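J.: One file: upload15.cif (mmCIF, C-alpha atoms).
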```
data_entry
#
loop_
_atom_site.label_atom_id
_atom_site.label_comp_id
_atom_site.auth_asym_id
_atom_site.auth_seq_id
_atom_site.Cartn_x
_atom_site.Cartn_y
_atom_site.Cartn_z
CA MET A 26 1.65 -9.72 -25.41
CA ASN A 27 3.85 -11.19 -28.13
CA SER A 28 6.24 -14.12 -27.66
CA ILE A 29 5.03 -14.83 -24.17
CA PRO A 30 7.33 -17.31 -22.39
CA LYS A 31 5.76 -20.76 -22.01
CA ASN A 32 5.87 -20.70 -18.24
CA VAL A 33 6.88 -17.77 -16.04
CA LYS A 34 7.73 -18.33 -12.40
CA ILE A 35 6.24 -15.41 -10.47
CA LEU A 36 6.69 -14.52 -6.81
CA VAL A 37 3.94 -12.50 -5.13
CA ALA A 38 5.42 -10.93 -1.99
CA ASP A 39 3.00 -8.99 0.21
CA ASP A 40 2.06 -9.25 3.88
CA GLU A 41 -1.60 -8.52 3.15
CA ALA A 42 -3.58 -11.62 2.21
CA LEU A 43 -6.15 -9.67 0.18
CA ALA A 44 -3.42 -7.91 -1.79
CA ARG A 45 -1.78 -11.25 -2.68
CA LYS A 46 -5.13 -12.79 -3.57
CA ARG A 47 -5.89 -9.90 -5.93
CA ILE A 48 -2.59 -10.25 -7.79
CA VAL A 49 -2.97 -14.02 -8.07
CA LYS A 50 -6.52 -13.58 -9.40
CA PHE A 51 -5.36 -11.13 -12.06
CA LEU A 52 -2.53 -13.47 -13.05
CA THR A 53 -5.03 -16.29 -13.66
CA GLU A 54 -7.02 -13.94 -15.89
CA SER A 55 -3.97 -12.92 -17.94
CA ASP A 56 -2.51 -14.56 -21.04
CA VAL A 57 0.62 -15.52 -19.14
CA THR A 58 1.08 -19.15 -18.13
CA SER A 59 2.71 -18.92 -14.76
CA THR A 60 3.77 -20.81 -11.68
CA VAL A 61 2.94 -18.59 -8.72
CA ILE A 62 4.77 -18.59 -5.40
CA GLU A 63 3.53 -16.52 -2.47
CA ALA A 64 5.52 -14.93 0.36
CA THR A 65 3.83 -13.33 3.36
CA THR A 66 6.84 -11.63 4.97
CA GLY A 67 10.13 -10.08 3.99
CA LYS A 68 12.04 -13.06 5.33
CA GLU A 69 9.91 -15.48 3.29
CA SER A 70 10.52 -13.28 0.25
CA VAL A 71 14.29 -13.50 0.69
CA ILE A 72 14.13 -17.29 0.90
CA ALA A 73 11.86 -17.54 -2.14
CA LEU A 74 14.11 -15.29 -4.23
CA ASN A 75 17.25 -17.23 -3.30
CA VAL A 76 15.78 -20.74 -3.55
CA GLU A 77 13.00 -20.57 -6.14
CA ASN A 78 14.76 -18.20 -8.59
CA PRO A 79 11.55 -16.58 -9.90
CA ASP A 80 11.57 -14.78 -13.24
CA LEU A 81 9.43 -11.92 -11.95
CA VAL A 82 8.32 -10.65 -8.55
CA PHE A 83 5.49 -8.38 -7.44
CA LEU A 84 7.19 -6.90 -4.38
CA ASP A 85 5.40 -4.88 -1.71
CA ILE A 86 7.65 -2.06 -0.58
CA LYS A 87 6.45 -1.91 3.02
CA MET A 88 5.99 -5.26 4.75
CA THR A 89 5.75 -5.66 8.50
CA ASP A 90 9.25 -7.05 9.04
CA MET A 91 11.23 -5.64 6.11
CA THR A 92 11.01 -3.16 3.26
CA GLY A 93 11.19 -4.36 -0.33
CA PHE A 94 14.65 -2.85 -0.66
CA GLU A 95 15.87 -4.64 2.44
CA VAL A 96 14.63 -7.86 0.85
CA LEU A 97 16.56 -7.19 -2.35
CA ARG A 98 19.74 -6.41 -0.42
CA GLU A 99 19.64 -9.98 0.91
CA VAL A 100 19.68 -11.40 -2.62
CA PRO A 101 22.80 -11.71 -4.80
CA PRO A 102 22.58 -9.21 -7.69
CA GLU A 103 22.56 -11.97 -10.28
CA LYS A 104 19.51 -13.52 -8.63
CA ILE A 105 17.38 -10.37 -8.65
CA PRO A 106 14.50 -11.02 -11.07
CA VAL A 107 12.41 -8.49 -12.94
CA VAL A 108 10.67 -6.52 -10.17
CA ILE A 109 7.32 -4.80 -10.21
CA PHE A 110 7.09 -2.80 -7.00
CA VAL A 111 3.76 -2.41 -5.22
CA THR A 112 3.38 0.72 -3.13
CA ALA A 113 0.90 3.00 -1.40
CA PHE A 114 3.47 5.67 -0.71
CA ASP A 115 4.22 9.24 -1.56
CA THR A 116 5.29 11.36 -4.49
CA PHE A 117 9.00 10.83 -3.78
CA ALA A 118 8.59 7.11 -4.39
CA ILE A 119 6.66 7.72 -7.59
CA LYS A 120 9.30 10.08 -8.95
CA ALA A 121 12.09 7.64 -8.06
CA PHE A 122 10.41 4.78 -9.91
CA GLU A 123 9.67 6.88 -12.96
CA LEU A 124 13.22 8.24 -12.99
CA ARG A 125 14.65 4.73 -13.22
CA ALA A 126 12.00 3.48 -15.66
CA ILE A 127 11.05 0.71 -13.24
CA ASP A 128 7.42 -0.25 -13.14
CA PHE A 129 5.28 0.00 -10.02
CA LEU A 130 1.70 -0.48 -8.99
CA LEU A 131 0.29 2.31 -6.88
CA LYS A 132 -2.37 1.01 -4.50
CA PRO A 133 -5.22 1.02 -5.18
CA TYR A 134 -4.75 0.03 -8.83
CA LYS A 135 -7.18 -1.22 -11.44
CA LYS A 136 -7.00 -4.44 -13.44
CA GLU A 137 -5.98 -2.60 -16.61
CA ARG A 138 -3.02 -1.01 -14.82
CA PHE A 139 -1.98 -4.42 -13.48
CA PHE A 140 -2.01 -5.96 -16.95
CA LYS A 141 0.07 -3.08 -18.26
CA ALA A 142 2.69 -3.62 -15.56
CA LEU A 143 2.66 -7.37 -16.17
CA SER A 144 3.14 -6.81 -19.90
CA ARG A 145 6.16 -4.60 -19.24
CA GLY A 146 7.61 -7.21 -16.93
CA ILE A 147 7.26 -9.90 -19.58
CA GLU A 148 8.88 -7.61 -22.12
CA GLN A 149 11.90 -7.31 -19.83
CA LEU A 150 12.17 -11.10 -19.85
CA GLU A 151 11.77 -11.30 -23.62
CA LEU A 152 14.44 -8.69 -24.29
CA THR A 153 16.89 -10.49 -21.97
CA LYS A 154 17.86 -7.18 -20.37
CA ARG A 155 17.98 -8.56 -16.86
CA ARG A 156 21.49 -7.26 -16.27
CA SER A 157 20.38 -3.76 -17.25
CA PHE A 158 17.29 -4.13 -15.10
CA GLN A 159 19.36 -5.21 -12.10
CA ASP A 160 21.48 -2.08 -12.52
CA LYS A 161 18.35 0.06 -12.49
CA VAL A 162 17.14 -1.64 -9.30
CA SER A 163 20.53 -1.11 -7.69
CA HIS A 164 20.45 2.60 -8.53
CA LEU A 165 16.91 2.90 -7.22
CA MET A 166 17.94 1.30 -3.93
CA ASP A 167 20.78 3.82 -3.67
CA ILE A 168 18.29 6.68 -4.05
CA PHE A 169 16.10 5.44 -1.24
CA LEU A 170 19.03 4.69 1.02
CA ALA A 171 20.45 8.18 0.42
CA GLU A 172 17.13 9.63 1.55
CA LYS A 173 17.17 7.37 4.66
CA TRP A 174 13.76 6.22 3.53
CA GLU A 175 14.10 2.77 5.00
CA THR A 176 16.81 2.88 7.66
CA ASP A 177 14.65 4.00 10.58
CA SER A 178 13.43 0.90 12.41
CA SER A 179 10.48 2.73 13.99
CA PRO A 180 7.02 2.18 12.45
CA LYS A 181 6.31 4.40 9.46
CA TYR A 182 2.81 5.69 8.93
CA LEU A 183 1.38 7.60 6.03
CA ASP A 184 1.48 11.37 6.22
CA GLN A 185 -0.47 11.61 2.99
CA LEU A 186 -2.54 9.43 0.69
CA VAL A 187 -1.89 9.25 -3.04
CA LEU A 188 -5.08 9.21 -5.09
CA LYS A 189 -5.29 8.79 -8.83
CA LEU A 190 -7.92 10.44 -11.00
CA ASN A 191 -7.66 9.59 -14.69
CA LYS A 192 -3.98 10.29 -15.54
CA ARG A 193 -3.30 12.55 -12.58
CA TYR A 194 -2.09 11.81 -9.07
CA TYR A 195 -3.12 14.07 -6.24
CA PHE A 196 -2.35 14.02 -2.57
CA ILE A 197 -4.30 14.31 0.67
CA LYS A 198 -2.40 15.10 3.85
CA THR A 199 -3.54 12.85 6.69
CA SER A 200 -3.56 15.93 8.93
CA GLN A 201 -6.43 17.23 6.78
CA MET A 202 -8.54 14.09 7.24
CA LYS A 203 -11.38 14.48 9.76
CA TYR A 204 -12.96 11.03 9.55
CA ILE A 205 -13.28 8.06 7.23
CA ARG A 206 -16.35 5.95 6.47
CA SER A 207 -16.48 2.57 4.77
CA SER A 208 -18.33 2.29 1.46
CA ALA A 209 -18.38 -1.21 -0.07
CA TYR A 210 -14.92 -1.79 -1.59
CA TYR A 211 -13.94 1.84 -0.99
CA VAL A 212 -13.59 4.25 1.90
CA GLU A 213 -14.96 7.79 1.94
CA ILE A 214 -12.44 10.30 3.29
CA PHE A 215 -13.85 13.55 4.65
CA THR A 216 -11.41 16.45 4.84
CA VAL A 217 -11.33 19.84 6.55
CA ASP A 218 -12.09 21.61 3.26
CA LYS A 219 -15.52 19.92 3.33
CA LYS A 220 -14.66 17.53 0.48
CA LYS A 221 -15.23 13.79 0.21
CA HIS A 222 -12.72 11.54 -1.52
CA LEU A 223 -13.09 7.89 -2.56
CA TYR A 224 -10.14 5.56 -2.01
CA ARG A 225 -10.10 1.86 -2.86
CA ILE A 226 -8.85 0.16 0.31
CA SER A 227 -10.38 -1.76 3.20
CA MET A 228 -10.84 -0.17 6.60
CA THR A 229 -8.66 -2.89 8.14
CA GLU A 230 -5.82 -2.19 5.73
CA LEU A 231 -6.09 1.59 6.04
CA ILE A 232 -6.05 1.78 9.85
CA LEU A 233 -2.74 -0.12 9.87
CA LYS A 234 -1.21 2.60 7.69
CA LEU A 235 -2.38 5.49 9.88
CA ASP A 236 -0.62 6.74 13.00
CA PRO A 237 -2.50 5.21 15.98
CA GLU A 238 -1.61 8.29 18.04
CA LYS A 239 -3.76 10.36 15.69
CA PHE A 240 -6.40 8.00 14.28
CA SER A 241 -8.77 5.56 15.95
CA ARG A 242 -11.31 3.11 14.65
CA ILE A 243 -14.45 3.51 16.76
CA ASN A 244 -16.79 1.10 14.94
CA ARG A 245 -16.67 -1.20 11.93
CA SER A 246 -17.41 1.59 9.47
CA THR A 247 -15.72 4.65 11.02
CA ILE A 248 -12.19 5.90 11.63
CA ILE A 249 -11.82 9.31 13.27
CA SER A 250 -8.95 11.77 13.68
CA LYS A 251 -8.34 12.71 17.31
CA ASP A 252 -7.27 16.17 16.17
CA HIS A 253 -10.78 16.90 14.92
CA ILE A 254 -12.82 15.69 17.90
CA ARG A 255 -14.88 18.35 19.67
CA GLU A 256 -16.25 16.24 22.51
CA LEU A 257 -16.92 12.73 23.75
CA VAL A 258 -20.40 12.17 25.17
CA SER A 259 -21.40 9.44 27.62
CA GLU A 260 -24.82 8.18 26.59
CA GLY A 261 -25.30 6.00 29.70
CA MET A 262 -25.06 2.23 30.10
CA GLY A 263 -21.42 2.43 29.02
CA ASP A 264 -22.25 3.85 25.58
CA PHE A 265 -20.30 6.78 24.08
CA SER A 266 -20.65 9.07 21.09
CA VAL A 267 -17.95 11.12 19.41
CA ILE A 268 -18.85 14.63 18.27
CA MET A 269 -16.53 16.06 15.63
CA ASN A 270 -15.68 19.74 15.14
CA ASP A 271 -18.04 19.91 12.15
CA GLY A 272 -20.93 18.55 14.24
CA SER A 273 -20.85 15.01 12.86
CA SER A 274 -21.66 12.36 15.47
CA PHE A 275 -20.50 8.73 15.58
CA THR A 276 -21.15 5.87 17.98
CA VAL A 277 -18.27 4.10 19.71
CA THR A 278 -19.17 0.40 19.67
CA LYS A 279 -18.24 -2.06 22.44
CA HIS A 280 -15.56 -3.86 20.42
CA TYR A 281 -13.54 -0.65 19.97
CA LYS A 282 -14.55 1.25 23.14
CA SER A 283 -11.85 0.07 25.54
CA SER A 284 -8.85 0.84 23.34
CA PHE A 285 -10.36 4.15 22.16
CA LEU A 286 -11.07 5.40 25.69
CA GLU A 287 -7.57 4.43 26.77
CA LYS A 288 -6.08 6.43 23.89
CA MET A 289 -8.22 9.40 24.93
CA GLY A 290 -7.00 9.14 28.53
CA ILE A 291 -10.40 8.12 29.88
CA ARG A 292 -10.54 5.28 32.42
#
```
What would the structure in this file look like if it were written as structure tokens?
T.:
Amino acid sequence: MNSIPKNVKILVADDEALARKRIVKFLTESDVTSTVIEATTGKESVIALNVENPDLVFLDIKMTDMTGFEVLREVPPEKIPVVIFVTAFDTFAIKAFELRAIDFLLKPYKKERFFKALSRGIEQLELTKRRSFQDKVSHLMDIFLAEKWETDSSPKYLDQLVLKLNKRYYFIKTSQMKYIRSSAYYVEIFTVDKKKHLYRISMTELILKLDPEKFSRINRSTIISKDHIRELVSEGMGDFSVIMNDGSSFTVTKHYKSSFLEKMGIR
């Protein structure tokens, strides 16, 4: 990066602690000298943007209480900083960002991709095009509002996952997912076409993004789709096993048993 500002005030707005920690870690490893502010909710983000006047914000699009666009609507246009959106959402979102030439980080992203987005954000500051950037953000918000992407107050769950392989994005419908197994920093997603896909996300983070009417976590390392269960077997002594349509078998552990059985209509 050339002509890096001496000190950049950066807001990291995300309701997931691990996601914030990752961004802060990458910022400390970058060449940018920064003062970092963290916000854990949409409401905190609004306050930070209005009071702290950050130069740049990494803004999660889907927080528990507000969307990123709802946050920006609560900020006067002249106070909107350079924004790098963080998202795990679908192809519509990706096309909208690319159309408006606004940078975004698609979860899960690698360090190199983060540094590229950060560099672009700094360039926006250097070129003093904030007014132009604010116009782009305003137009992007109009696109999402027109699609009613954020106006429904009911919980929104993923209907597909966006995976990146080299320079290509490809998509897995959640309806095609049979079960998911944890694998270190990744999860292994098994689909009805007998394929296995790696996705960098924690089990805890992923289950929150999946419709609880369709997916259940049955032990620390397994999430299953109710649509692909063949049978539930009582093993005695209160123990249960889930048999999937493809013959795979998984144990339901005590910590998850009560809520799982209730979802399945078993008392």
J.: Name all residues at most 12 Å from Glu54 in chain A (count all atoms listed in the file; drop same-chain ones fewer than 5 positions away) and give them as a list in words.
T.: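 Everything that qualifies: Arg47, Ile48, Val49, Ser59, Lys136, Glu137, Phe139, Phe140 and Leu143 of chain A.
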J.: List the spatial neighbours of Val277 in chain A as a PyMOL selection string - criterion: any atom at most 6 Å away, all atoms listed in the file, same-chain residues fewer than 2 positions off excluded.
T.: chain A and resi 243-244+265-266+282
J.: Work out how far apart CA of Val71 in chain A and CA of Thr112 in chain A are and give it in Å to one decimal.
T.: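 Pair CA of Val71 in chain A / CA of Thr112 in chain A returns 18.3 Å.
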J.: Using the chain letters and numbers from this file, what does the PyMOL selection byres ((chain A and resi 76) around 12) select? Give the answer as a list in words.
T.: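 Here the PyMOL selection byres ((chain A and resi 76) around 12) matches Leu36, Ile62, Glu69, Ser70, Val71, Ile72, Ala73, Leu74, Asn75, Glu77, Asn78, Pro79, Val100, Pro101, Lys104 and Ile105 of chain A.
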J.: Write to file, as a PDB file, keeping the file's coordinate frame, the residues of the selection just made, with C-alpha atoms.
T.:
```
ATOM      1  CA  LEU A  36       6.690 -14.520  -6.810  1.00  0.00           C
ATOM      2  CA  ILE A  62       4.770 -18.590  -5.400  1.00  0.00           C
ATOM      3  CA  GLU A  69       9.910 -15.480   3.290  1.00  0.00           C
ATOM      4  CA  SER A  70      10.520 -13.280   0.250  1.00  0.00           C
ATOM      5  CA  VAL A  71      14.290 -13.500   0.690  1.00  0.00           C
ATOM      6  CA  ILE A  72      14.130 -17.290   0.900  1.00  0.00           C
ATOM      7  CA  ALA A  73      11.860 -17.540  -2.140  1.00  0.00           C
ATOM      8  CA  LEU A  74      14.110 -15.290  -4.230  1.00  0.00           C
ATOM      9  CA  ASN A  75      17.250 -17.230  -3.300  1.00  0.00           C
ATOM     10  CA  GLU A  77      13.000 -20.570  -6.140  1.00  0.00           C
ATOM     11  CA  ASN A  78      14.760 -18.200  -8.590  1.00  0.00           C
ATOM     12  CA  PRO A  79      11.550 -16.580  -9.900  1.00  0.00           C
ATOM     13  CA  VAL A 100      19.680 -11.400  -2.620  1.00  0.00           C
ATOM     14  CA  PRO A 101      22.800 -11.710  -4.800  1.00  0.00           C
ATOM     15  CA  LYS A 104      19.510 -13.520  -8.630  1.00  0.00           C
ATOM     16  CA  ILE A 105      17.380 -10.370  -8.650  1.00  0.00           C
TER      17      ILE A 105
END
```
J.: Could you jot down the CA of Met88 in chain A to CA of Thr65 in chain A separation for me, Å, one decimal place?
T.: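 Spanning CA of Met88 in chain A to CA of Thr65 in chain A is a straight-line distance of 8.5 Å.
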J.: Using CA of Ser200 in chain A and CA of Leu233 in chain A as the two end points, give the distance in Å to one decimal.
T.: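 Calculated distance between CA of Ser200 in chain A and CA of Leu233 in chain A is 16.1 Å.
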J.: For Lys141 in chain A, which residue out of A:Tyr224, A:Tyr211, A:Phe51, A:Phe275 is the nearest one, using all atoms listed in the file?
T.: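 Of all the options, A:Phe51 lies closest to Lys141 in chain A.
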J.: I'd like the neighbourhood of Glu230 in chain A as a VMD selection string, where a residue qualifies if any of its atoms comes within 12 Å (using only C-alpha atoms), though same-chain residues fewer than 3 positions away should be ignored.
T.: chain A and resid 40 to 44 113 132 to 133 207 210 to 212 224 to 227 233 to 235 242 248
J.: Taking the file as shown, find all residues satisfying the PyMOL selection byres ((chain A and resi 197) around 6) and write them as a list in words.
T.: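 Output of the PyMOL selection byres ((chain A and resi 197) around 6): Gln185, Leu186, Phe196 and Lys198 of chain A.
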